[in-house]
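Engineer: Below is the file data32.cif, which contains mmCIF, C-alpha atoms and all ligand atoms.
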```cif
data_run
#
loop_
_atom_site.group_PDB
_atom_site.id
_atom_site.type_symbol
_atom_site.label_atom_id
_atom_site.label_comp_id
_atom_site.auth_asym_id
_atom_site.auth_seq_id
_atom_site.Cartn_x
_atom_site.Cartn_y
_atom_site.Cartn_z
ATOM 1 C CA MET A 25 -7.330 -34.020 18.429
ATOM 2 C CA LEU A 26 -6.651 -32.139 15.247
ATOM 3 C CA SER A 27 -8.236 -34.745 13.020
ATOM 4 C CA GLN A 28 -11.740 -33.381 13.555
ATOM 5 C CA TYR A 29 -10.699 -30.248 11.673
ATOM 6 C CA LEU A 30 -8.710 -31.540 8.813
ATOM 7 C CA SER A 31 -11.255 -32.443 6.194
ATOM 8 C CA LEU A 32 -13.356 -29.310 6.403
ATOM 9 C CA ASN A 33 -15.109 -27.958 3.380
ATOM 10 C CA LEU A 34 -15.662 -24.245 2.927
ATOM 11 C CA GLN A 35 -19.036 -24.255 4.688
ATOM 12 C CA GLN A 36 -17.709 -26.109 7.739
ATOM 13 C CA GLN A 37 -14.699 -23.874 7.836
ATOM 14 C CA LEU A 38 -16.916 -20.793 7.931
ATOM 15 C CA SER A 39 -18.933 -22.236 10.825
ATOM 16 C CA GLU A 40 -15.752 -23.077 12.718
ATOM 17 C CA ILE A 41 -14.591 -19.487 12.450
ATOM 18 C CA SER A 42 -17.900 -17.953 13.395
ATOM 19 C CA GLU A 43 -18.348 -20.292 16.370
ATOM 20 C CA HIS A 44 -14.806 -20.659 17.633
ATOM 21 C CA GLY A 45 -12.756 -17.927 15.961
ATOM 22 C CA PHE A 46 -10.340 -20.269 14.239
ATOM 23 C CA SER A 47 -10.203 -23.161 11.825
ATOM 24 C CA ILE A 48 -7.667 -25.610 10.459
ATOM 25 C CA MET A 49 -8.094 -27.163 7.053
ATOM 26 C CA ASP A 50 -5.884 -29.523 5.077
ATOM 27 C CA ASN A 51 -5.426 -29.751 1.292
ATOM 28 C CA PHE A 52 -6.455 -26.151 0.723
ATOM 29 C CA ILE A 53 -4.823 -26.017 -2.710
ATOM 30 C CA SER A 54 -3.407 -28.717 -4.963
ATOM 31 C CA PRO A 55 -0.065 -30.387 -4.142
ATOM 32 C CA ALA A 56 1.294 -29.112 -7.482
ATOM 33 C CA ASN A 57 0.508 -25.524 -6.523
ATOM 34 C CA ILE A 58 2.013 -26.022 -3.078
ATOM 35 C CA LEU A 59 5.217 -27.294 -4.682
ATOM 36 C CA ALA A 60 5.261 -24.364 -7.089
ATOM 37 C CA LEU A 61 4.893 -21.860 -4.223
ATOM 38 C CA ALA A 62 7.650 -23.558 -2.217
ATOM 39 C CA ASP A 63 9.858 -23.393 -5.319
ATOM 40 C CA GLU A 64 9.148 -19.690 -5.707
ATOM 41 C CA ILE A 65 10.464 -19.165 -2.180
ATOM 42 C CA ASN A 66 13.619 -21.136 -3.059
ATOM 43 C CA THR A 67 14.194 -18.961 -6.123
ATOM 44 C CA LEU A 68 13.461 -15.681 -4.309
ATOM 45 C CA ASN A 69 15.801 -16.734 -1.542
ATOM 46 C CA ALA A 70 18.574 -17.789 -3.941
ATOM 47 C CA ASN A 71 18.303 -14.376 -5.621
ATOM 48 C CA SER A 72 18.352 -12.519 -2.278
ATOM 49 C CA HIS A 73 14.805 -11.201 -2.747
ATOM 50 C CA MET A 74 13.531 -12.384 0.640
ATOM 51 C CA GLN A 75 13.760 -9.584 3.210
ATOM 52 C CA ILE A 76 14.354 -9.969 6.929
ATOM 53 C CA ALA A 77 10.955 -9.311 8.486
ATOM 54 C CA ASN A 78 10.436 -6.366 10.788
ATOM 55 C CA THR A 79 8.305 -6.616 13.880
ATOM 56 C CA GLY A 80 5.529 -4.233 12.908
ATOM 57 C CA ARG A 81 6.460 -1.581 15.439
ATOM 58 C CA SER A 82 7.360 1.853 14.248
ATOM 59 C CA PRO A 83 9.916 3.120 13.633
ATOM 60 C CA ILE A 84 10.661 -0.037 11.670
ATOM 61 C CA SER A 85 12.554 -2.376 13.923
ATOM 62 C CA ILE A 86 14.306 -5.584 13.073
ATOM 63 C CA ASN A 87 14.630 -7.980 15.940
ATOM 64 C CA THR A 88 15.565 -11.492 14.915
ATOM 65 C CA GLN A 89 15.192 -12.656 18.528
ATOM 66 C CA LEU A 90 11.515 -11.782 18.353
ATOM 67 C CA ARG A 91 11.006 -12.892 14.789
ATOM 68 C CA GLY A 92 13.497 -14.784 12.611
ATOM 69 C CA ASP A 93 11.766 -15.154 9.256
ATOM 70 C CA SER A 94 12.382 -13.543 5.886
ATOM 71 C CA ILE A 95 9.463 -12.467 3.775
ATOM 72 C CA TYR A 96 8.433 -11.423 0.288
ATOM 73 C CA TRP A 97 5.258 -9.360 -0.191
ATOM 74 C CA LEU A 98 3.024 -10.543 -3.015
ATOM 75 C CA ASN A 99 1.327 -8.355 -5.546
ATOM 76 C CA GLU A 100 -1.918 -9.773 -6.935
ATOM 77 C CA VAL A 101 -1.407 -7.952 -10.233
ATOM 78 C CA GLU A 102 1.852 -9.770 -10.948
ATOM 79 C CA ALA A 103 0.793 -13.122 -9.522
ATOM 80 C CA SER A 104 2.355 -16.335 -10.850
ATOM 81 C CA PRO A 105 -0.060 -19.133 -11.855
ATOM 82 C CA ALA A 106 0.326 -20.832 -8.459
ATOM 83 C CA GLN A 107 -0.297 -17.518 -6.680
ATOM 84 C CA GLN A 108 -3.336 -16.903 -8.883
ATOM 85 C CA ALA A 109 -4.772 -20.286 -7.855
ATOM 86 C CA TYR A 110 -4.224 -19.294 -4.222
ATOM 87 C CA PHE A 111 -5.776 -15.838 -4.652
ATOM 88 C CA LYS A 112 -8.792 -17.381 -6.354
ATOM 89 C CA LYS A 113 -9.382 -19.659 -3.349
ATOM 90 C CA MET A 114 -8.888 -16.756 -0.977
ATOM 91 C CA GLU A 115 -11.427 -14.679 -2.891
ATOM 92 C CA ASP A 116 -14.008 -17.486 -2.476
ATOM 93 C CA LEU A 117 -13.158 -17.549 1.204
ATOM 94 C CA ARG A 118 -13.479 -13.760 1.490
ATOM 95 C CA CYS A 119 -16.959 -13.809 -0.063
ATOM 96 C CA GLY A 120 -17.994 -16.708 2.183
ATOM 97 C CA LEU A 121 -16.710 -14.936 5.278
ATOM 98 C CA ASN A 122 -18.517 -11.743 4.367
ATOM 99 C CA GLN A 123 -21.804 -13.579 3.797
ATOM 100 C CA HIS A 124 -21.468 -15.694 6.899
ATOM 101 C CA LEU A 125 -19.896 -13.333 9.395
ATOM 102 C CA TYR A 126 -20.699 -9.877 8.011
ATOM 103 C CA LEU A 127 -17.101 -8.854 8.484
ATOM 104 C CA GLY A 128 -16.833 -6.438 5.563
ATOM 105 C CA LEU A 129 -13.501 -7.871 4.492
ATOM 106 C CA PHE A 130 -12.357 -5.880 1.499
ATOM 107 C CA SER A 131 -8.822 -6.859 0.674
ATOM 108 C CA LEU A 132 -5.953 -9.191 1.328
ATOM 109 C CA GLU A 133 -2.296 -8.587 2.039
ATOM 110 C CA SER A 134 0.026 -11.534 1.592
ATOM 111 C CA HIS A 135 3.623 -12.530 1.940
ATOM 112 C CA LEU A 136 5.688 -15.626 1.434
ATOM 113 C CA ALA A 137 7.790 -16.488 4.465
ATOM 114 C CA LEU A 138 10.888 -18.520 5.086
ATOM 115 C CA TYR A 139 12.106 -19.433 8.566
ATOM 116 C CA PRO A 140 15.747 -20.546 8.527
ATOM 117 C CA ILE A 141 16.884 -23.310 10.872
ATOM 118 C CA GLY A 142 16.623 -22.148 14.484
ATOM 119 C CA ALA A 143 14.183 -19.324 13.731
ATOM 120 C CA GLY A 144 10.778 -18.765 15.325
ATOM 121 C CA TYR A 145 8.406 -15.930 16.120
ATOM 122 C CA GLN A 146 7.641 -15.027 19.723
ATOM 123 C CA LYS A 147 4.112 -14.825 21.106
ATOM 124 C CA HIS A 148 2.199 -11.953 19.483
ATOM 125 C CA LEU A 149 -1.100 -10.703 18.074
ATOM 126 C CA ASP A 150 -1.278 -9.864 14.352
ATOM 127 C CA CYS A 151 -3.461 -6.843 14.816
ATOM 128 C CA PHE A 152 -1.864 -3.422 15.220
ATOM 129 C CA GLN A 153 -4.494 -0.870 14.473
ATOM 130 C CA PHE A 154 -2.606 2.363 14.700
ATOM 131 C CA LYS A 155 0.646 3.480 13.214
ATOM 132 C CA GLY A 156 1.908 7.024 13.627
ATOM 133 C CA GLY A 157 -1.530 8.100 14.863
ATOM 134 C CA GLU A 158 -3.155 7.269 11.559
ATOM 135 C CA GLN A 159 -5.736 4.505 11.341
ATOM 136 C CA LEU A 160 -4.842 1.877 8.780
ATOM 137 C CA PRO A 161 -6.970 -0.932 7.396
ATOM 138 C CA LYS A 162 -7.335 -3.455 10.172
ATOM 139 C CA ARG A 163 -6.174 -7.057 9.985
ATOM 140 C CA GLN A 164 -9.281 -9.084 10.737
ATOM 141 C CA ILE A 165 -8.438 -12.663 9.852
ATOM 142 C CA SER A 166 -4.972 -14.221 9.743
ATOM 143 C CA CYS A 167 -4.520 -17.001 7.188
ATOM 144 C CA ILE A 168 -1.437 -19.193 6.989
ATOM 145 C CA LEU A 169 -0.866 -21.785 4.288
ATOM 146 C CA TYR A 170 2.049 -24.149 4.876
ATOM 147 C CA LEU A 171 4.347 -25.339 2.121
ATOM 148 C CA ASN A 172 6.488 -28.011 3.799
ATOM 149 C CA GLN A 173 6.668 -31.499 2.339
ATOM 150 C CA ASP A 174 7.076 -34.458 4.693
ATOM 151 C CA TRP A 175 7.185 -32.415 7.876
ATOM 152 C CA LEU A 176 8.044 -34.564 10.907
ATOM 153 C CA ALA A 177 7.204 -33.992 14.580
ATOM 154 C CA GLU A 178 10.906 -33.520 15.381
ATOM 155 C CA ASP A 179 11.207 -30.740 12.800
ATOM 156 C CA GLY A 180 9.504 -28.386 15.286
ATOM 157 C CA GLY A 181 8.283 -25.128 13.781
ATOM 158 C CA TYR A 182 4.799 -25.608 15.207
ATOM 159 C CA LEU A 183 2.315 -22.785 15.168
ATOM 160 C CA ARG A 184 1.297 -22.475 18.822
ATOM 161 C CA LEU A 185 -2.201 -21.029 18.994
ATOM 162 C CA HIS A 186 -3.138 -19.851 22.484
ATOM 163 C CA LEU A 187 -6.744 -20.571 23.418
ATOM 164 C CA ASN A 188 -9.114 -19.270 26.039
ATOM 165 C CA ALA A 189 -10.440 -21.487 28.828
ATOM 166 C CA HIS A 190 -13.661 -22.186 26.972
ATOM 167 C CA GLU A 191 -11.915 -23.481 23.836
ATOM 168 C CA ARG A 192 -9.449 -25.422 25.910
ATOM 169 C CA ALA A 193 -12.313 -27.203 27.690
ATOM 170 C CA ARG A 194 -14.211 -27.789 24.460
ATOM 171 C CA LEU A 195 -11.187 -29.441 22.874
ATOM 172 C CA ASN A 196 -10.300 -31.254 26.063
ATOM 173 C CA LEU A 197 -6.730 -29.968 26.009
ATOM 174 C CA LYS A 198 -4.255 -30.383 28.849
ATOM 175 C CA GLU A 199 -2.480 -27.192 27.834
ATOM 176 C CA SER A 200 -3.862 -23.758 27.090
ATOM 177 C CA TYR A 201 -2.694 -23.902 23.494
ATOM 178 C CA LEU A 202 -2.878 -25.974 20.364
ATOM 179 C CA ASP A 203 0.360 -26.857 18.545
ATOM 180 C CA ILE A 204 -0.236 -27.090 14.808
ATOM 181 C CA ALA A 205 2.324 -28.735 12.520
ATOM 182 C CA PRO A 206 3.135 -26.641 9.411
ATOM 183 C CA ILE A 207 2.421 -29.419 6.951
ATOM 184 C CA SER A 208 2.078 -28.981 3.238
ATOM 185 C CA GLY A 209 -1.368 -27.804 2.119
ATOM 186 C CA ARG A 210 -2.648 -26.970 5.607
ATOM 187 C CA LEU A 211 -4.479 -23.654 5.994
ATOM 188 C CA VAL A 212 -4.971 -22.145 9.449
ATOM 189 C CA LEU A 213 -7.344 -19.217 9.948
ATOM 190 C CA PHE A 214 -7.928 -17.209 13.101
ATOM 191 C CA LEU A 215 -9.266 -13.831 14.226
ATOM 192 C CA SER A 216 -6.259 -11.506 14.165
ATOM 193 C CA ASP A 217 -7.191 -9.434 17.216
ATOM 194 C CA THR A 218 -8.118 -12.378 19.427
ATOM 195 C CA PHE A 219 -5.564 -15.157 19.171
ATOM 196 C CA TYR A 220 -2.084 -14.831 20.576
ATOM 197 C CA HIS A 221 0.221 -17.171 18.726
ATOM 198 C CA GLU A 222 3.879 -17.974 18.194
ATOM 199 C CA VAL A 223 6.095 -20.029 15.931
ATOM 200 C CA LEU A 224 8.229 -22.510 17.836
ATOM 201 C CA ALA A 225 11.855 -22.813 16.781
ATOM 202 C CA THR A 226 12.197 -24.832 13.623
ATOM 203 C CA THR A 227 14.940 -27.378 13.011
ATOM 204 C CA ARG A 228 14.268 -27.406 9.267
ATOM 205 C CA ILE A 229 13.741 -24.579 6.794
ATOM 206 C CA ARG A 230 10.059 -23.721 7.132
ATOM 207 C CA LYS A 231 8.001 -22.151 4.333
ATOM 208 C CA SER A 232 4.569 -20.574 4.334
ATOM 209 C CA LEU A 233 2.278 -18.130 2.619
ATOM 210 C CA THR A 234 0.645 -15.785 5.110
ATOM 211 C CA SER A 235 -2.270 -13.464 4.339
ATOM 212 C CA TRP A 236 -4.522 -11.156 6.258
ATOM 213 C CA PHE A 237 -8.039 -10.172 5.317
ATOM 214 C CA LEU A 238 -8.430 -6.472 6.013
ATOM 215 C CA THR A 239 -11.362 -4.288 6.951
ATOM 216 C CA ARG A 240 -11.464 -0.532 6.588
HETATM 217 C C1 LIG B 301 2.941 -14.257 11.256
HETATM 218 C C2 LIG B 301 2.786 -15.562 11.965
HETATM 219 C C3 LIG B 301 2.674 -17.949 11.936
HETATM 220 C C4 LIG B 301 3.130 -19.139 11.158
HETATM 221 O O1 LIG B 301 3.504 -14.241 10.154
HETATM 222 O O2 LIG B 301 2.479 -13.241 11.807
HETATM 223 O O3 LIG B 301 2.430 -15.534 13.120
HETATM 224 O O4 LIG B 301 2.765 -20.255 11.538
HETATM 225 N N1 LIG B 301 3.000 -16.717 11.319
HETATM 226 O O5 LIG B 301 3.866 -18.974 10.189
HETATM 227 MN MN MN B 302 1.389 -13.727 13.546
#
```
Can you present the structure in this file as structure tokens?

Structural biologist:
Amino acid sequence: MLSQYLSLNLQQQLSEISEHGFSIMDNFISPANILALADEINTLNANSHMQIANTGRSPISINTQLRGDSIYWLNEVEASPAQQAYFKKMEDLRCGLNQHLYLGLFSLESHLALYPIGAGYQKHLDCFQFKGGEQLPKRQISCILYLNQDWLAEDGGYLRLHLNAHERARLNLKESYLDIAPISGRLVLFLSDTFYHEVLATTRIRKSLTSWFLTR
């Protein structure tokens, strides 16, 4: 089922998003850069620099039942070489998306994430437009790059992407969702205000780099 997506080039990926609102692509950046990013998470974690994620509701709330990951926000100015390679790819993607979909994407916010064993993230949308009455830049496209070598089906930690009836019929799915394994080098993109999604409980430490393209 998934295989039709996995060898997309940039152009195909852009059409997938404009036609269906999501796309899945493998080998987004080189295996060496994936390993370097996974290593950065190990180091940040060993030095207690990963922070327990909050749930995006204000006032800031931490609810590890809802969301069990720890995160580290990236700063493009201080990017490591592996992060720079990632940001370069994302910039190409941003320009392509703007040309193709006229989205007016102007910036990216990104964090590394680590899900400890047993953690997940309950069903949610990534888009929260208002905070304290003030309009913030809006998350338009969610982008998740996975950093997990040799991920097995029994490791769990799937990204469950909930689909509408039309997509479900198009993909000939029995269920109303697509379960996507968080394998090394895989990039998943979807419209932030459209796709409910969740992270199923993982039985192995699960690493990723998550970004959102923002519009004003
Ligand atoms: C998120 C999220 C999904 C994943 O960080 O908002 O939904 O597969 N992540 O890591
Ligand atoms: Mn999310």

Engineer: Counting only C-alpha atoms and all ligand atoms, which protein, DNA or RNA residues come within 10 Å of ligand MN 302 (chain B), given as a PyMOL selection string?

Structural biologist: chain A and resi 79+91+145-151+166-168+183+185+214+216+219-223+234-236

Engineer: Could you write out the selected residues, including C-alpha atoms, as a compact mmCIF listing (two decimals), keeping the file's coordinate frame?

Structural biologist:
```txt
# COMPACT_ATOMS: atom_id res chain seq x y z
CA THR A 79 8.30 -6.62 13.88
CA ARG A 91 11.01 -12.89 14.79
CA TYR A 145 8.41 -15.93 16.12
CA GLN A 146 7.64 -15.03 19.72
CA LYS A 147 4.11 -14.82 21.11
CA HIS A 148 2.20 -11.95 19.48
CA LEU A 149 -1.10 -10.70 18.07
CA ASP A 150 -1.28 -9.86 14.35
CA CYS A 151 -3.46 -6.84 14.82
CA SER A 166 -4.97 -14.22 9.74
CA CYS A 167 -4.52 -17.00 7.19
CA ILE A 168 -1.44 -19.19 6.99
CA LEU A 183 2.32 -22.78 15.17
CA LEU A 185 -2.20 -21.03 18.99
CA PHE A 214 -7.93 -17.21 13.10
CA SER A 216 -6.26 -11.51 14.16
CA PHE A 219 -5.56 -15.16 19.17
CA TYR A 220 -2.08 -14.83 20.58
CA HIS A 221 0.22 -17.17 18.73
CA GLU A 222 3.88 -17.97 18.19
CA VAL A 223 6.10 -20.03 15.93
CA THR A 234 0.64 -15.78 5.11
CA SER A 235 -2.27 -13.46 4.34
CA TRP A 236 -4.52 -11.16 6.26
```

Engineer: Taking all atoms listed in the file into account, name the residue in A:Leu169, A:Leu160, A:Leu125, A:Ala205 that is nearest to Ile53 (chain A).

Structural biologist: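 Using all atoms listed in the file, the shortest distance to Ile53 (chain A) belongs to A:Leu169.
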
Engineer: Contacts of region 54-62 of chain A at 8 Å or less, counting all atoms listed in the file, minus same-chain residues fewer than 6 places along, as a list in words?

Structural biologist: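 With the cut-off at 8 Å, the set is Ala106, Gln107, Ala109, Leu171, Asn172, Ser208, Gly209, Lys231 and Ser232 of chain A.
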
Engineer: From the options A:Phe111, A:Tyr201, A:Phe52, A:Tyr170, which residue's atoms come nearest to ligand LIG 301 (chain B), counting all atoms listed in the file?

Structural biologist: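 Answer, going by the shortest atom-to-atom distance: A:Tyr170.
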
Engineer: Counting all atoms listed in the file, figure out which residue out of A:Ile48, A:Met74, A:Leu136, A:Ala177 gets nearest to Asn99 (chain A).

Structural biologist: A:Leu136

Engineer: Near Trp97 (chain A), counting only C-alpha atoms, which residues have an atom at most 8 Å away, once you skip same-chain residues fewer than 4 positions from it, shown as an MDAnalysis selection string?

Structural biologist: chainID A and resid 133:136

Engineer: So that all listed atoms of ligand LIG 301 (chain B) fit with 8 Å spare on each side, what axis-aligned box centre and edge lengths in Å, to one decimal, would you give as lines of an AutoDock Vina configuration file?

Structural biologist:
```
center_x = 3.1
center_y = -16.7
center_z = 11.6
size_x = 17.4
size_y = 23.0
size_z = 19.0
```

Engineer: A:Arg184, A:Lys198, A:His190, A:Arg228: which is nearest ligand LIG 301 (chain B), counting all atoms listed in the file?

Structural biologist: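 Smallest separation from ligand LIG 301 (chain B) among the options: A:Arg184.
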
Engineer: If we count only C-alpha atoms, what is near Gly120 (chain A) at a cut-off of 9 Å, once residues fewer than 3 positions away on the same chain are taken out, given as a PyMOL selection string?

Structural biologist: chain A and resi 34-35+38+115-117+123-125

Engineer: Please enumerate the residues selected by the PyMOL selection byres (((chain A and resi 95) around 6) and not hetatm) when evaluated against the supplied file, formatted as a ChimeraX atom specification.

Structural biologist: /A:74-75,77,94,96,136-137

Engineer: What is the CA of Asp50 (chain A) to CA of Phe130 (chain A) distance in Å?

Structural biologist: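 Result for CA of Asp50 (chain A) versus CA of Phe130 (chain A): 24.8 Å, one decimal.
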
Engineer: Would you please work out which residue, of A:Ile165, A:Leu211, A:Ile229, A:Arg194, is nearest to Asp179 (chain A) when using only C-alpha atoms?

Structural biologist: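 For Asp179 (chain A), the nearest of the given residues is A:Ile229.
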
Engineer: Counting all atoms listed in the file, find residues at most 9 Å from (-14.4, -21.6, 21.3) (file frame) and give them as a PyMOL selection string.

Structural biologist: chain A and resi 40+43-46+187-195

Engineer: How far is it from CA of Ile207 (chain A) to CA of Leu233 (chain A), in Å with one decimal?

Structural biologist: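 Between CA of Ile207 (chain A) and CA of Leu233 (chain A) the gap is 12.1 Å.
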
Engineer: With only C-alpha atoms as the basis for distance, which of A:Gln164, A:Thr67, A:Gly144, A:Pro105 is at the shortest distance from Gly128 (chain A)?

Structural biologist: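 Checking each of A:Gln164, A:Thr67, A:Gly144, A:Pro105 against Gly128 (chain A), counting only C-alpha atoms, the winner is A:Gln164.
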
Engineer: Measure the distance from CA of Gly92 (chain A) to CA of Arg240 (chain A) in Å and round it to one decimal.

Structural biologist: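 So the answer is 29.4 Å.
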
Engineer: Quick test: take region 157-221 of chain A, keep C-alpha atoms, and write it as a PDB file, in the first residue's frame.

Structural biologist:
```pdb
ATOM      1  CA  GLY A 157      -6.232  36.133  21.818  1.00  0.00           C
ATOM      2  CA  GLU A 158      -3.258  37.036  19.675  1.00  0.00           C
ATOM      3  CA  GLN A 159      -2.900  35.584  16.194  1.00  0.00           C
ATOM      4  CA  LEU A 160       0.382  33.783  15.698  1.00  0.00           C
ATOM      5  CA  PRO A 161       1.948  32.507  12.497  1.00  0.00           C
ATOM      6  CA  LYS A 162      -0.096  29.525  11.430  1.00  0.00           C
ATOM      7  CA  ARG A 163       1.259  26.010  11.023  1.00  0.00           C
ATOM      8  CA  GLN A 164       0.400  25.080   7.456  1.00  0.00           C
ATOM      9  CA  ILE A 165       2.337  21.922   6.700  1.00  0.00           C
ATOM     10  CA  SER A 166       3.592  19.367   9.220  1.00  0.00           C
ATOM     11  CA  CYS A 167       6.812  17.585   8.262  1.00  0.00           C
ATOM     12  CA  ILE A 168       8.231  14.637  10.170  1.00  0.00           C
ATOM     13  CA  LEU A 169      11.567  13.025   9.381  1.00  0.00           C
ATOM     14  CA  TYR A 170      12.253   9.732  11.146  1.00  0.00           C
ATOM     15  CA  LEU A 171      15.652   8.763  12.487  1.00  0.00           C
ATOM     16  CA  ASN A 172      15.224   5.121  13.533  1.00  0.00           C
ATOM     17  CA  GLN A 173      17.536   2.460  12.151  1.00  0.00           C
ATOM     18  CA  ASP A 174      16.169  -1.041  11.571  1.00  0.00           C
ATOM     19  CA  TRP A 175      12.670  -0.306  12.807  1.00  0.00           C
ATOM     20  CA  LEU A 176      10.555  -3.472  13.030  1.00  0.00           C
ATOM     21  CA  ALA A 177       6.767  -3.854  12.862  1.00  0.00           C
ATOM     22  CA  GLU A 178       6.693  -5.000  16.502  1.00  0.00           C
ATOM     23  CA  ASP A 179       8.472  -1.832  17.634  1.00  0.00           C
ATOM     24  CA  GLY A 180       5.157   0.039  17.275  1.00  0.00           C
ATOM     25  CA  GLY A 181       5.470   3.815  17.320  1.00  0.00           C
ATOM     26  CA  TYR A 182       3.496   4.161  14.097  1.00  0.00           C
ATOM     27  CA  LEU A 183       2.268   7.530  12.963  1.00  0.00           C
ATOM     28  CA  ARG A 184      -1.474   6.987  12.526  1.00  0.00           C
ATOM     29  CA  LEU A 185      -2.766   9.434   9.937  1.00  0.00           C
ATOM     30  CA  HIS A 186      -6.558   9.677   9.905  1.00  0.00           C
ATOM     31  CA  LEU A 187      -8.034  10.014   6.426  1.00  0.00           C
ATOM     32  CA  ASN A 188     -11.350  11.148   5.051  1.00  0.00           C
ATOM     33  CA  ALA A 189     -13.693   8.770   3.232  1.00  0.00           C
ATOM     34  CA  HIS A 190     -12.463   9.886  -0.167  1.00  0.00           C
ATOM     35  CA  GLU A 191      -8.798   9.140   0.591  1.00  0.00           C
ATOM     36  CA  ARG A 192      -9.717   5.900   2.265  1.00  0.00           C
ATOM     37  CA  ALA A 193     -11.556   4.770  -0.879  1.00  0.00           C
ATOM     38  CA  ARG A 194      -8.774   5.961  -3.165  1.00  0.00           C
ATOM     39  CA  LEU A 195      -6.200   3.954  -1.232  1.00  0.00           C
ATOM     40  CA  ASN A 196      -8.543   1.023  -0.833  1.00  0.00           C
ATOM     41  CA  LEU A 197      -8.051   0.914   2.928  1.00  0.00           C
ATOM     42  CA  LYS A 198     -10.082  -1.234   5.299  1.00  0.00           C
ATOM     43  CA  GLU A 199      -9.564   1.273   8.093  1.00  0.00           C
ATOM     44  CA  SER A 200     -10.047   5.017   8.138  1.00  0.00           C
ATOM     45  CA  TYR A 201      -6.370   5.635   8.785  1.00  0.00           C
ATOM     46  CA  LEU A 202      -2.929   4.884   7.474  1.00  0.00           C
ATOM     47  CA  ASP A 203      -0.287   3.553   9.887  1.00  0.00           C
ATOM     48  CA  ILE A 204       3.163   4.759   8.878  1.00  0.00           C
ATOM     49  CA  ALA A 205       6.295   3.147  10.321  1.00  0.00           C
ATOM     50  CA  PRO A 206       8.859   5.702  11.588  1.00  0.00           C
ATOM     51  CA  ILE A 207      11.737   4.301   9.578  1.00  0.00           C
ATOM     52  CA  SER A 208      15.046   6.001   9.072  1.00  0.00           C
ATOM     53  CA  GLY A 209      15.050   8.607   6.293  1.00  0.00           C
ATOM     54  CA  ARG A 210      11.274   8.671   5.811  1.00  0.00           C
ATOM     55  CA  LEU A 211       9.658  12.106   5.512  1.00  0.00           C
ATOM     56  CA  VAL A 212       5.910  12.495   6.014  1.00  0.00           C
ATOM     57  CA  LEU A 213       4.172  15.744   5.077  1.00  0.00           C
ATOM     58  CA  PHE A 214       0.560  16.701   5.665  1.00  0.00           C
ATOM     59  CA  LEU A 215      -1.660  19.781   5.914  1.00  0.00           C
ATOM     60  CA  SER A 216      -1.550  20.785   9.579  1.00  0.00           C
ATOM     61  CA  ASP A 217      -5.158  21.955   9.866  1.00  0.00           C
ATOM     62  CA  THR A 218      -6.683  18.982   8.061  1.00  0.00           C
ATOM     63  CA  PHE A 219      -5.174  15.722   9.247  1.00  0.00           C
ATOM     64  CA  TYR A 220      -5.827  14.333  12.687  1.00  0.00           C
ATOM     65  CA  HIS A 221      -2.982  12.059  13.662  1.00  0.00           C
TER      66      HIS A 221
END
```
